[in-house]
$ cat final02.cif   # mmCIF, C-alpha atoms
data_protein
#
loop_
_atom_site.group_PDB
_atom_site.id
_atom_site.type_symbol
_atom_site.label_atom_id
_atom_site.label_comp_id
_atom_site.auth_asym_id
_atom_site.auth_seq_id
_atom_site.Cartn_x
_atom_site.Cartn_y
_atom_site.Cartn_z
ATOM 1 C CA MET K 745 -52.440 -75.998 -90.428
ATOM 2 C CA ARG K 746 -49.698 -78.057 -88.739
ATOM 3 C CA LYS K 747 -50.758 -81.398 -87.312
ATOM 4 C CA ARG K 748 -50.141 -81.779 -83.592
ATOM 5 C CA LYS K 749 -47.510 -84.313 -82.588
ATOM 6 C CA LYS K 750 -49.014 -87.523 -81.215
ATOM 7 C CA PRO K 751 -48.643 -87.673 -77.416
ATOM 8 C CA THR K 752 -46.225 -90.169 -75.901
ATOM 9 C CA LEU K 753 -46.897 -89.473 -72.215
ATOM 10 C CA ILE K 754 -48.788 -92.145 -70.273
ATOM 11 C CA LEU K 755 -51.623 -90.360 -68.483
ATOM 12 C CA PRO K 756 -53.258 -91.877 -65.399
ATOM 13 C CA LYS K 757 -56.064 -94.230 -66.352
ATOM 14 C CA LEU K 758 -58.002 -94.881 -63.173
ATOM 15 C CA PRO K 759 -60.713 -97.552 -63.662
ATOM 16 C CA GLU K 760 -62.901 -96.094 -60.923
ATOM 17 C CA SER K 761 -62.104 -92.426 -61.490
ATOM 18 C CA ALA K 762 -61.539 -91.771 -65.205
ATOM 19 C CA LYS K 763 -64.900 -90.586 -66.516
ATOM 20 C CA TYR K 764 -63.727 -89.478 -69.954
ATOM 21 C CA SER K 765 -60.470 -88.898 -71.770
ATOM 22 C CA THR K 766 -59.016 -87.492 -74.974
ATOM 23 C CA GLU K 767 -55.720 -88.046 -76.745
ATOM 24 C CA TYR K 768 -54.249 -85.407 -74.436
ATOM 25 C CA GLY K 769 -55.972 -85.791 -71.103
ATOM 26 C CA ALA K 770 -58.320 -87.386 -68.605
ATOM 27 C CA MET K 771 -61.124 -86.227 -66.325
ATOM 28 C CA LEU K 772 -61.003 -88.008 -62.974
ATOM 29 C CA HIS K 773 -63.889 -88.312 -60.538
ATOM 30 C CA GLY K 774 -63.339 -87.790 -56.823
ATOM 31 C CA GLN K 775 -62.117 -85.408 -54.152
ATOM 32 C CA ALA K 776 -58.779 -83.882 -55.140
ATOM 33 C CA GLU K 777 -57.165 -84.660 -51.772
ATOM 34 C CA THR K 778 -57.917 -88.366 -52.380
ATOM 35 C CA VAL K 779 -57.280 -88.642 -56.123
ATOM 36 C CA LEU K 780 -53.899 -86.860 -56.048
ATOM 37 C CA ARG K 781 -52.594 -89.393 -53.506
ATOM 38 C CA LYS K 782 -53.424 -92.445 -55.649
ATOM 39 C CA LYS K 783 -50.549 -94.562 -56.949
ATOM 40 C CA GLU K 784 -51.832 -94.250 -60.509
ATOM 41 C CA MET K 785 -50.962 -90.538 -60.355
ATOM 42 C CA ASP K 786 -47.275 -91.473 -60.135
ATOM 43 C CA THR K 787 -47.156 -91.344 -63.946
ATOM 44 C CA ILE K 788 -47.303 -87.551 -63.759
ATOM 45 C CA ARG K 789 -46.072 -86.896 -60.223
ATOM 46 C CA GLY K 790 -43.201 -84.403 -60.327
ATOM 47 C CA ARG K 791 -43.867 -83.647 -64.000
ATOM 48 C CA VAL K 792 -46.778 -81.172 -63.928
ATOM 49 C CA GLN K 793 -45.720 -77.814 -65.349
ATOM 50 C CA LEU K 794 -48.800 -75.855 -64.319
ATOM 51 C CA ILE K 795 -51.488 -76.310 -61.701
ATOM 52 C CA PHE K 796 -54.161 -73.846 -62.755
ATOM 53 C CA THR K 797 -57.273 -73.889 -60.638
ATOM 54 C CA SER K 798 -60.124 -71.934 -59.160
ATOM 55 C CA PRO K 799 -61.125 -73.624 -55.886
ATOM 56 C CA PRO K 800 -64.549 -72.910 -54.369
ATOM 57 C CA PHE K 801 -64.452 -69.317 -53.139
ATOM 58 C CA PRO K 802 -64.767 -68.621 -49.375
ATOM 59 C CA LEU K 803 -68.226 -67.109 -49.781
ATOM 60 C CA ASN K 804 -70.525 -66.427 -46.841
ATOM 61 C CA THR K 805 -73.457 -67.859 -48.808
ATOM 62 C CA LYS K 806 -73.375 -71.602 -49.421
ATOM 63 C CA LYS K 807 -73.316 -72.503 -53.122
ATOM 64 C CA LYS K 808 -74.348 -75.685 -54.932
ATOM 65 C CA TYR K 809 -70.741 -76.464 -55.879
ATOM 66 C CA GLY K 810 -69.704 -76.483 -52.204
ATOM 67 C CA ASN K 811 -67.634 -73.975 -50.297
ATOM 68 C CA LEU K 812 -66.155 -73.823 -46.822
ATOM 69 C CA GLN K 813 -66.130 -70.702 -44.687
ATOM 70 C CA GLY K 814 -63.923 -68.985 -42.118
ATOM 71 C CA GLY K 815 -60.971 -70.781 -40.562
ATOM 72 C CA GLN K 816 -62.071 -74.067 -42.114
ATOM 73 C CA TYR K 817 -61.430 -72.659 -45.578
ATOM 74 C CA LEU K 818 -58.026 -71.284 -44.603
ATOM 75 C CA THR K 819 -56.692 -74.611 -43.321
ATOM 76 C CA TRP K 820 -58.418 -76.621 -46.075
ATOM 77 C CA LEU K 821 -56.735 -74.650 -48.872
ATOM 78 C CA ALA K 822 -53.301 -74.663 -47.199
ATOM 79 C CA GLY K 823 -53.530 -78.444 -46.808
ATOM 80 C CA PHE K 824 -53.223 -78.887 -50.573
ATOM 81 C CA GLY K 825 -49.737 -77.367 -50.616
ATOM 82 C CA PRO K 826 -47.756 -80.602 -50.055
ATOM 83 C CA LEU K 827 -49.883 -82.440 -52.644
ATOM 84 C CA PHE K 828 -49.389 -79.679 -55.212
ATOM 85 C CA ARG K 829 -45.629 -79.527 -54.620
ATOM 86 C CA GLU K 830 -45.382 -83.291 -55.152
ATOM 87 C CA MET K 831 -47.110 -82.998 -58.510
ATOM 88 C CA LEU K 832 -45.031 -80.069 -59.802
ATOM 89 C CA ALA K 833 -41.953 -80.169 -61.995
ATOM 90 C CA PRO K 834 -38.961 -78.359 -60.393
ATOM 91 C CA ASN K 835 -39.681 -75.215 -62.435
ATOM 92 C CA GLY K 836 -43.468 -75.606 -62.377
ATOM 93 C CA SER K 837 -46.099 -73.059 -61.359
ATOM 94 C CA ILE K 838 -49.296 -72.899 -59.327
ATOM 95 C CA VAL K 839 -51.904 -70.300 -60.310
ATOM 96 C CA ILE K 840 -54.861 -70.012 -57.926
ATOM 97 C CA GLU K 841 -57.876 -67.804 -58.603
ATOM 98 C CA VAL K 842 -59.797 -66.673 -55.524
ATOM 99 C CA GLY K 843 -62.699 -64.243 -55.593
ATOM 100 C CA ASN K 844 -63.821 -61.727 -53.001
ATOM 101 C CA SER K 845 -66.345 -62.207 -50.210
ATOM 102 C CA TRP K 846 -68.196 -59.882 -47.871
ATOM 103 C CA GLU K 847 -68.987 -59.991 -44.172
ATOM 104 C CA PRO K 848 -72.543 -61.293 -43.551
ATOM 105 C CA GLY K 849 -75.091 -58.479 -43.490
ATOM 106 C CA LEU K 850 -72.469 -55.720 -43.616
ATOM 107 C CA PRO K 851 -71.083 -53.515 -46.415
ATOM 108 C CA VAL K 852 -67.598 -54.667 -45.425
ATOM 109 C CA MET K 853 -65.266 -56.908 -47.417
ATOM 110 C CA SER K 854 -63.910 -60.054 -45.818
ATOM 111 C CA THR K 855 -60.134 -60.497 -45.725
ATOM 112 C CA LEU K 856 -60.483 -64.293 -45.708
ATOM 113 C CA ALA K 857 -59.545 -64.744 -49.377
ATOM 114 C CA LEU K 858 -56.343 -62.773 -48.977
ATOM 115 C CA ARG K 859 -55.473 -64.420 -45.651
ATOM 116 C CA SER K 860 -56.066 -67.847 -47.206
ATOM 117 C CA LEU K 861 -53.656 -67.120 -50.041
ATOM 118 C CA LEU K 862 -51.039 -65.787 -47.624
ATOM 119 C CA TYR K 863 -51.435 -68.813 -45.372
ATOM 120 C CA PHE K 864 -51.195 -71.184 -48.351
ATOM 121 C CA GLN K 865 -48.020 -69.458 -49.545
ATOM 122 C CA GLU K 866 -46.343 -69.243 -46.137
ATOM 123 C CA GLN K 867 -47.226 -72.737 -44.891
ATOM 124 C CA ASN K 868 -45.911 -74.335 -48.064
ATOM 125 C CA GLN K 869 -42.821 -72.149 -48.532
ATOM 126 C CA LEU K 870 -43.807 -70.990 -51.994
ATOM 127 C CA ASN K 871 -42.540 -67.944 -53.836
ATOM 128 C CA LEU K 872 -45.135 -65.373 -54.878
ATOM 129 C CA CYS K 873 -44.003 -64.747 -58.457
ATOM 130 C CA GLN K 874 -46.731 -62.192 -59.156
ATOM 131 C CA GLU K 875 -50.272 -61.205 -58.285
ATOM 132 C CA ILE K 876 -52.578 -60.828 -61.283
ATOM 133 C CA ILE K 877 -56.009 -59.217 -61.274
ATOM 134 C CA CYS K 878 -58.731 -60.419 -63.642
ATOM 135 C CA GLN K 879 -61.366 -57.755 -64.160
ATOM 136 C CA ASN K 880 -64.737 -58.517 -65.738
ATOM 137 C CA PRO K 881 -65.935 -55.126 -67.031
ATOM 138 C CA ALA K 882 -69.364 -56.564 -67.885
ATOM 139 C CA ARG K 883 -70.038 -58.127 -64.487
ATOM 140 C CA LEU K 884 -73.444 -57.321 -62.996
ATOM 141 C CA PRO K 885 -73.429 -54.968 -59.979
ATOM 142 C CA SER K 886 -72.879 -56.836 -56.737
ATOM 143 C CA PRO K 887 -73.299 -57.164 -53.809
ATOM 144 C CA ALA K 888 -76.757 -55.914 -54.774
ATOM 145 C CA GLN K 889 -77.767 -54.612 -51.332
ATOM 146 C CA TRP K 890 -74.799 -52.273 -51.077
ATOM 147 C CA VAL K 891 -74.312 -51.455 -54.765
ATOM 148 C CA THR K 892 -77.734 -51.139 -56.420
ATOM 149 C CA ILE K 893 -80.112 -50.661 -53.466
ATOM 150 C CA GLU K 894 -78.301 -48.525 -50.900
ATOM 151 C CA ARG K 895 -75.744 -47.219 -53.429
ATOM 152 C CA ILE K 896 -72.921 -47.085 -50.902
ATOM 153 C CA ARG K 897 -70.345 -49.364 -52.587
ATOM 154 C CA LEU K 898 -68.818 -49.880 -56.033
ATOM 155 C CA LYS K 899 -69.561 -53.091 -57.910
ATOM 156 C CA ASP K 900 -67.182 -55.966 -57.205
ATOM 157 C CA SER K 901 -65.801 -56.751 -60.661
ATOM 158 C CA TYR K 902 -62.498 -58.573 -60.186
ATOM 159 C CA THR K 903 -60.904 -61.745 -58.913
ATOM 160 C CA ARG K 904 -57.372 -62.196 -57.634
ATOM 161 C CA LEU K 905 -54.915 -64.741 -59.057
ATOM 162 C CA TRP K 906 -51.705 -65.651 -57.279
ATOM 163 C CA TRP K 907 -48.886 -67.137 -59.325
ATOM 164 C CA LEU K 908 -46.785 -69.233 -56.962
ATOM 165 C CA SER K 909 -43.841 -71.584 -57.374
ATOM 166 C CA PRO K 910 -41.320 -73.548 -55.304
ATOM 167 C CA SER K 911 -38.722 -71.966 -57.602
ATOM 168 C CA PRO K 912 -38.045 -68.210 -57.745
ATOM 169 C CA ARG K 913 -37.541 -68.633 -61.509
ATOM 170 C CA PRO K 914 -40.234 -70.992 -62.869
ATOM 171 C CA LYS K 915 -40.690 -71.472 -66.606
ATOM 172 C CA ALA K 916 -42.335 -68.361 -68.075
ATOM 173 C CA ASN K 917 -42.151 -66.329 -71.269
ATOM 174 C CA ASN K 918 -44.141 -63.101 -71.636
ATOM 175 C CA LYS K 919 -43.389 -63.038 -75.369
ATOM 176 C CA LYS K 920 -46.067 -65.734 -75.743
ATOM 177 C CA VAL K 921 -48.820 -63.485 -74.338
ATOM 178 C CA LEU K 922 -48.129 -60.163 -76.043
ATOM 179 C CA LYS K 923 -50.970 -57.691 -76.559
ATOM 180 C CA PRO K 924 -51.597 -55.876 -79.858
ATOM 181 C CA TYR K 925 -49.814 -52.540 -80.075
ATOM 182 C CA SER K 926 -51.881 -49.416 -79.517
ATOM 183 C CA PRO K 927 -52.513 -47.089 -82.499
ATOM 184 C CA ALA K 928 -50.001 -44.629 -81.005
ATOM 185 C CA MET K 929 -47.300 -47.297 -80.772
ATOM 186 C CA LYS K 930 -47.979 -48.422 -84.333
ATOM 187 C CA ARG K 931 -47.498 -44.805 -85.492
ATOM 188 C CA LEU K 932 -44.269 -44.586 -83.510
ATOM 189 C CA LEU K 933 -42.890 -47.726 -85.139
ATOM 190 C CA LYS K 934 -43.911 -46.463 -88.547
ATOM 191 C CA THR K 935 -42.548 -42.912 -88.231
ATOM 192 C CA GLY K 936 -39.686 -43.474 -85.810
ATOM 193 C CA LYS K 937 -40.654 -40.268 -83.983
ATOM 194 C CA PHE K 938 -40.711 -40.609 -80.230
ATOM 195 C CA ASN K 939 -40.769 -38.188 -77.308
ATOM 196 C CA ALA K 940 -37.607 -39.424 -75.602
ATOM 197 C CA GLY K 941 -36.241 -38.034 -72.352
ATOM 198 C CA ARG K 942 -36.856 -38.018 -68.616
ATOM 199 C CA ARG K 943 -40.333 -38.911 -67.371
ATOM 200 C CA PRO K 944 -42.024 -37.635 -64.166
ATOM 201 C CA SER K 945 -41.024 -40.958 -62.587
ATOM 202 C CA GLU K 946 -37.388 -39.932 -63.353
ATOM 203 C CA HIS K 947 -36.964 -42.846 -65.751
ATOM 204 C CA VAL K 948 -34.994 -41.821 -68.816
ATOM 205 C CA ILE K 949 -36.544 -43.274 -71.976
ATOM 206 C CA SER K 950 -34.383 -43.539 -75.070
ATOM 207 C CA GLU K 951 -35.763 -43.641 -78.587
ATOM 208 C CA LYS K 952 -33.739 -46.789 -79.198
ATOM 209 C CA ALA K 953 -35.673 -48.666 -76.502
ATOM 210 C CA PHE K 954 -38.958 -48.238 -78.377
ATOM 211 C CA ALA K 955 -37.757 -48.320 -81.962
ATOM 212 C CA LYS K 956 -37.938 -52.101 -82.420
ATOM 213 C CA ASP K 957 -41.111 -53.997 -83.288
ATOM 214 C CA HIS K 958 -41.357 -56.941 -80.857
ATOM 215 C CA GLY K 959 -44.658 -58.162 -82.285
ATOM 216 C CA GLY K 960 -46.795 -56.678 -79.528
ATOM 217 C CA ALA K 961 -46.856 -54.969 -76.150
ATOM 218 C CA ILE K 962 -46.019 -56.702 -72.865
ATOM 219 C CA SER K 963 -49.196 -57.751 -71.047
ATOM 220 C CA PRO K 964 -49.985 -55.909 -67.809
ATOM 221 C CA SER K 965 -50.757 -57.655 -64.517
ATOM 222 C CA VAL K 966 -54.415 -56.592 -64.814
ATOM 223 C CA LEU K 967 -56.339 -58.701 -67.325
ATOM 224 C CA SER K 968 -59.655 -57.421 -68.644
ATOM 225 C CA ILE K 969 -61.778 -60.428 -69.628
ATOM 226 C CA SER K 970 -65.559 -60.357 -70.026
ATOM 227 C CA ASN K 971 -67.576 -63.439 -69.074
ATOM 228 C CA THR K 972 -70.995 -62.828 -70.584
ATOM 229 C CA LYS K 973 -71.509 -65.600 -73.165
ATOM 230 C CA THR K 974 -74.859 -67.342 -72.806
ATOM 231 C CA ASN K 975 -74.856 -69.521 -75.929
ATOM 232 C CA ASP K 976 -71.390 -71.044 -76.114
ATOM 233 C CA PRO K 977 -70.974 -74.738 -77.083
ATOM 234 C CA TYR K 978 -70.829 -75.812 -73.417
ATOM 235 C CA GLN K 979 -74.143 -74.194 -72.459
ATOM 236 C CA LYS K 980 -75.837 -75.294 -75.669
ATOM 237 C CA TYR K 981 -74.761 -78.907 -75.085
ATOM 238 C CA CYS K 982 -76.003 -78.827 -71.483
ATOM 239 C CA ARG K 983 -79.372 -77.398 -72.469
ATOM 240 C CA ASP K 984 -79.790 -79.850 -75.363
ATOM 241 C CA HIS K 985 -79.034 -82.812 -73.079
ATOM 242 C CA ARG K 986 -80.773 -81.433 -69.975
ATOM 243 C CA ILE K 987 -77.554 -81.405 -67.980
ATOM 244 C CA GLU K 988 -76.996 -79.163 -64.968
ATOM 245 C CA ILE K 989 -74.863 -76.147 -65.946
ATOM 246 C CA HIS K 990 -72.007 -75.254 -63.623
ATOM 247 C CA PRO K 991 -72.919 -71.917 -61.991
ATOM 248 C CA ALA K 992 -69.388 -70.491 -61.686
ATOM 249 C CA ARG K 993 -67.547 -71.146 -64.944
ATOM 250 C CA MET K 994 -64.424 -69.145 -65.727
ATOM 251 C CA PRO K 995 -63.969 -67.561 -69.170
ATOM 252 C CA THR K 996 -61.806 -69.638 -71.521
ATOM 253 C CA ALA K 997 -59.464 -66.691 -72.062
ATOM 254 C CA LEU K 998 -58.275 -66.880 -68.447
ATOM 255 C CA PRO K 999 -56.668 -70.373 -68.423
ATOM 256 C CA GLU K 1000 -55.580 -69.794 -72.034
ATOM 257 C CA PHE K 1001 -53.469 -66.808 -70.953
ATOM 258 C CA PHE K 1002 -51.610 -68.720 -68.232
ATOM 259 C CA ILE K 1003 -51.248 -71.950 -70.219
ATOM 260 C CA LYS K 1004 -49.584 -70.019 -73.041
ATOM 261 C CA TYR K 1005 -47.504 -67.934 -70.636
ATOM 262 C CA LEU K 1006 -46.215 -70.684 -68.332
ATOM 263 C CA THR K 1007 -46.129 -73.873 -70.456
ATOM 264 C CA ASP K 1008 -45.068 -75.219 -73.846
ATOM 265 C CA PRO K 1009 -46.877 -77.726 -76.063
ATOM 266 C CA GLY K 1010 -46.409 -81.193 -74.573
ATOM 267 C CA ASP K 1011 -46.290 -79.933 -70.962
ATOM 268 C CA ILE K 1012 -48.771 -81.180 -68.356
ATOM 269 C CA VAL K 1013 -51.528 -78.992 -66.881
ATOM 270 C CA LEU K 1014 -53.477 -80.061 -63.780
ATOM 271 C CA ASP K 1015 -56.751 -78.660 -62.436
ATOM 272 C CA PRO K 1016 -57.728 -80.291 -59.111
ATOM 273 C CA PHE K 1017 -61.030 -78.334 -58.863
ATOM 274 C CA ALA K 1018 -62.155 -78.727 -62.451
ATOM 275 C CA GLY K 1019 -65.858 -77.838 -62.379
ATOM 276 C CA SER K 1020 -66.939 -77.700 -66.016
ATOM 277 C CA ASN K 1021 -63.310 -78.437 -67.040
ATOM 278 C CA THR K 1022 -62.574 -75.177 -68.835
ATOM 279 C CA THR K 1023 -58.893 -75.681 -67.972
ATOM 280 C CA GLY K 1024 -58.738 -79.164 -69.496
ATOM 281 C CA ALA K 1025 -60.608 -78.157 -72.647
ATOM 282 C CA THR K 1026 -58.307 -75.177 -73.156
ATOM 283 C CA ALA K 1027 -55.143 -77.200 -72.517
ATOM 284 C CA ASP K 1028 -56.340 -79.844 -74.989
ATOM 285 C CA ARG K 1029 -56.930 -77.235 -77.688
ATOM 286 C CA LEU K 1030 -53.447 -75.788 -77.101
ATOM 287 C CA GLY K 1031 -51.685 -79.148 -77.353
ATOM 288 C CA ARG K 1032 -50.886 -79.596 -73.665
ATOM 289 C CA TYR K 1033 -51.493 -82.759 -71.691
ATOM 290 C CA TRP K 1034 -54.061 -82.296 -68.956
ATOM 291 C CA VAL K 1035 -55.529 -84.017 -65.927
ATOM 292 C CA SER K 1036 -58.614 -82.653 -64.176
ATOM 293 C CA VAL K 1037 -60.325 -83.740 -60.954
ATOM 294 C CA GLU K 1038 -63.952 -83.075 -60.021
ATOM 295 C CA PRO K 1039 -66.191 -84.672 -57.350
ATOM 296 C CA ASN K 1040 -69.554 -83.649 -58.877
ATOM 297 C CA THR K 1041 -70.754 -86.138 -61.499
ATOM 298 C CA HIS K 1042 -73.304 -83.651 -62.889
ATOM 299 C CA TYR K 1043 -70.528 -81.219 -63.811
ATOM 300 C CA ILE K 1044 -68.389 -84.022 -65.244
ATOM 301 C CA ARG K 1045 -71.286 -85.159 -67.407
#

$ encode --input "final02.cif" --output "structure tokens"
Amino acid sequence: MRKRKKPTLILPKLPESAKYSTEYGAMLHGQAETVLRKKEMDTIRGRVQLIFTSPPFPLNTKKKYGNLQGGQYLTWLAGFGPLFREMLAPNGSIVIEVGNSWEPGLPVMSTLALRSLLYFQEQNQLNLCQEIICQNPARLPSPAQWVTIERIRLKDSYTRLWWLSPSPRPKANNKKVLKPYSPAMKRLLKTGKFNAGRRPSEHVISEKAFAKDHGGAISPSVLSISNTKTNDPYQKYCRDHRIEIHPARMPTALPEFFIKYLTDPGDIVLDPFAGSNTTGATADRLGRYWVSVEPNTHYIR
């Protein structure tokens, strides 16, 4: 196994905010809108390759980790645009995950999440590079009233991720996130036999286009990632040390996909709404520098 190159970047070391650090990164304590403005952040300002984050969702039910509602949420999220743009490298990316919400007491979805993303993008003159859907096939049926009791809606099993950038051509390479070939494609590569010709879509597919082994298939814009682990190292550590477990952790595979796709080893990844710091832990494991910000000391601990 190759040894990772020793980092040379000077990460921000804030005496009042740095709660823990590794060779590759630092967890900072405080509100993101305050921490990102600090002078100590100048060491990475304009050099962040990826801001990957999942801010508190605009849910109609208040959660322990804090969440705004209605118009307050819309303007709050958009207000981070100038701060994020300052932190980004010229070809850097922002990936924001926002879940769905429902109108109070009604079997009707709220459009607030989508309007918030649109407002964030428009107010900050960002390019929407692509929308990605993350589906959790094992998610429990919800909202319970409409799905399991009255049986009038389908279970809500996905979240929306918007990949944004000041540049229309940010750093990205889909060869780094290839999927394994299907059995049919493996047979095709082995036999060389392919049903070439015109498809119903009127695209003409040549045998030559599919004859080369590229090491895997191109990933689709719908990611299927289960989030059902109940005894991972994070939860075991929290239980052993009687620490409050973050109630809305993302699966490790989600930041891993985008960190591989949009950054190279040695690049900087920032998560301004870190929670349990899945983003930082994943970036560290993949040899990327990272800085995370979280106001809740229980989750930092």

$ atom_distance --input "final02.cif" --atom1 "CA of Thr797 (chain K)" --atom2 "CA of Thr819 (chain K)"
17.3 Å

$ residues_around --input "final02.cif" --residues "Tyr863 (chain K)" --least-positions-apart "4" --cutoff "8 Å" --atoms "all atoms listed in the file" --output "list in words"
Leu818, Ala822, Arg859 and Gln867 of chain K

$ write_last_selection --input "final02.cif" --atoms "C-alpha atoms" --output "short mmCIF file (atom, residue, chain, number, x, y, z; two decimals), keeping the file's coordinate frame"
data_model
loop_
_atom_site.label_atom_id
_atom_site.label_comp_id
_atom_site.auth_asym_id
_atom_site.auth_seq_id
_atom_site.Cartn_x
_atom_site.Cartn_y
_atom_site.Cartn_z
CA LEU K 818 -58.03 -71.28 -44.60
CA ALA K 822 -53.30 -74.66 -47.20
CA ARG K 859 -55.47 -64.42 -45.65
CA GLN K 867 -47.23 -72.74 -44.89
#

$ atom_distance --input "final02.cif" --atom1 "CA of Ser963 (chain K)" --atom2 "CA of Pro800 (chain K)"
27.3 Å

$ closest_residue --input "final02.cif" --among "K:Thr766, K:Thr1007, K:Ser798, K:Gln816" --to "Glu841 (chain K)" --atoms "all atoms listed in the file"
K:Ser798

$ resolve_selection --input "final02.cif" --expression "the PyMOL selection byres ((chain K and resi 793) around 6)" --output "PyMOL selection string"
chain K and resi 792+794+833+836+1012

$ write_last_selection --input "final02.cif" --atoms "C-alpha atoms" --output "compact mmCIF listing (two decimals), in the frame of the given file"
# COMPACT_ATOMS: atom_id res chain seq x y z
CA VAL K 792 -46.78 -81.17 -63.93
CA LEU K 794 -48.80 -75.86 -64.32
CA ALA K 833 -41.95 -80.17 -62.00
CA GLY K 836 -43.47 -75.61 -62.38
CA ILE K 1012 -48.77 -81.18 -68.36

$ residues_around --input "final02.cif" --residues "Glu1038 (chain K)" --least-positions-apart "2" --cutoff "10 Å" --atoms "all atoms listed in the file" --output "list in words"
Ser761, Lys763, Met771, Leu772, His773, Gly774, Gln775, Ala776, Val779, Asp1015, Pro1016, Phe1017, Ala1018, Gly1019, Ser1020, Asn1021, Ser1036, Asn1040, Thr1041, His1042, Tyr1043 and Ile1044 of chain K

$ atom_distance --input "final02.cif" --atom1 "CA of Val1035 (chain K)" --atom2 "CA of Ala916 (chain K)"
20.6 Å

$ resolve_selection --input "final02.cif" --expression "the PyMOL selection byres ((chain K and resi 964-980) around 10)" --output "VMD selection string"
chain K and resid 874 to 884 902 904 to 905 922 to 923 961 to 963 981 to 990 993 to 998 1001 1020 1022

$ write_last_selection --input "final02.cif" --atoms "C-alpha atoms" --output "PDB file, keeping the file's coordinate frame"
ATOM      1  CA  GLN K 874     -46.731 -62.192 -59.156  1.00  0.00           C
ATOM      2  CA  GLU K 875     -50.272 -61.205 -58.285  1.00  0.00           C
ATOM      3  CA  ILE K 876     -52.578 -60.828 -61.283  1.00  0.00           C
ATOM      4  CA  ILE K 877     -56.009 -59.217 -61.274  1.00  0.00           C
ATOM      5  CA  CYS K 878     -58.731 -60.419 -63.642  1.00  0.00           C
ATOM      6  CA  GLN K 879     -61.366 -57.755 -64.160  1.00  0.00           C
ATOM      7  CA  ASN K 880     -64.737 -58.517 -65.738  1.00  0.00           C
ATOM      8  CA  PRO K 881     -65.935 -55.126 -67.031  1.00  0.00           C
ATOM      9  CA  ALA K 882     -69.364 -56.564 -67.885  1.00  0.00           C
ATOM     10  CA  ARG K 883     -70.038 -58.127 -64.487  1.00  0.00           C
ATOM     11  CA  LEU K 884     -73.444 -57.321 -62.996  1.00  0.00           C
ATOM     12  CA  TYR K 902     -62.498 -58.573 -60.186  1.00  0.00           C
ATOM     13  CA  ARG K 904     -57.372 -62.196 -57.634  1.00  0.00           C
ATOM     14  CA  LEU K 905     -54.915 -64.741 -59.057  1.00  0.00           C
ATOM     15  CA  LEU K 922     -48.129 -60.163 -76.043  1.00  0.00           C
ATOM     16  CA  LYS K 923     -50.970 -57.691 -76.559  1.00  0.00           C
ATOM     17  CA  ALA K 961     -46.856 -54.969 -76.150  1.00  0.00           C
ATOM     18  CA  ILE K 962     -46.019 -56.702 -72.865  1.00  0.00           C
ATOM     19  CA  SER K 963     -49.196 -57.751 -71.047  1.00  0.00           C
ATOM     20  CA  TYR K 981     -74.761 -78.907 -75.085  1.00  0.00           C
ATOM     21  CA  CYS K 982     -76.003 -78.827 -71.483  1.00  0.00           C
ATOM     22  CA  ARG K 983     -79.372 -77.398 -72.469  1.00  0.00           C
ATOM     23  CA  ASP K 984     -79.790 -79.850 -75.363  1.00  0.00           C
ATOM     24  CA  HIS K 985     -79.034 -82.812 -73.079  1.00  0.00           C
ATOM     25  CA  ARG K 986     -80.773 -81.433 -69.975  1.00  0.00           C
ATOM     26  CA  ILE K 987     -77.554 -81.405 -67.980  1.00  0.00           C
ATOM     27  CA  GLU K 988     -76.996 -79.163 -64.968  1.00  0.00           C
ATOM     28  CA  ILE K 989     -74.863 -76.147 -65.946  1.00  0.00           C
ATOM     29  CA  HIS K 990     -72.007 -75.254 -63.623  1.00  0.00           C
ATOM     30  CA  ARG K 993     -67.547 -71.146 -64.944  1.00  0.00           C
ATOM     31  CA  MET K 994     -64.424 -69.145 -65.727  1.00  0.00           C
ATOM     32  CA  PRO K 995     -63.969 -67.561 -69.170  1.00  0.00           C
ATOM     33  CA  THR K 996     -61.806 -69.638 -71.521  1.00  0.00           C
ATOM     34  CA  ALA K 997     -59.464 -66.691 -72.062  1.00  0.00           C
ATOM     35  CA  LEU K 998     -58.275 -66.880 -68.447  1.00  0.00           C
ATOM     36  CA  PHE K1001     -53.469 -66.808 -70.953  1.00  0.00           C
ATOM     37  CA  SER K1020     -66.939 -77.700 -66.016  1.00  0.00           C
ATOM     38  CA  THR K1022     -62.574 -75.177 -68.835  1.00  0.00           C
TER      39      THR K1022
END

$ residues_around --input "final02.cif" --residues "His958 (chain K)" --least-positions-apart "2" --cutoff "12 Å" --atoms "only C-alpha atoms" --output "mmCIF file with C-alpha atoms, in the frame of the given file"
data_model
loop_
_atom_site.group_PDB
_atom_site.id
_atom_site.type_symbol
_atom_site.label_atom_id
_atom_site.label_comp_id
_atom_site.auth_asym_id
_atom_site.auth_seq_id
_atom_site.Cartn_x
_atom_site.Cartn_y
_atom_site.Cartn_z
ATOM 1 C CA ASN K 918 -44.141 -63.101 -71.636
ATOM 2 C CA LYS K 919 -43.389 -63.038 -75.369
ATOM 3 C CA LYS K 920 -46.067 -65.734 -75.743
ATOM 4 C CA VAL K 921 -48.820 -63.485 -74.338
ATOM 5 C CA LEU K 922 -48.129 -60.163 -76.043
ATOM 6 C CA LYS K 923 -50.970 -57.691 -76.559
ATOM 7 C CA PRO K 924 -51.597 -55.876 -79.858
ATOM 8 C CA TYR K 925 -49.814 -52.540 -80.075
ATOM 9 C CA MET K 929 -47.300 -47.297 -80.772
ATOM 10 C CA LYS K 930 -47.979 -48.422 -84.333
ATOM 11 C CA LEU K 933 -42.890 -47.726 -85.139
ATOM 12 C CA ALA K 953 -35.673 -48.666 -76.502
ATOM 13 C CA PHE K 954 -38.958 -48.238 -78.377
ATOM 14 C CA ALA K 955 -37.757 -48.320 -81.962
ATOM 15 C CA LYS K 956 -37.938 -52.101 -82.420
ATOM 16 C CA GLY K 960 -46.795 -56.678 -79.528
ATOM 17 C CA ALA K 961 -46.856 -54.969 -76.150
ATOM 18 C CA ILE K 962 -46.019 -56.702 -72.865
#
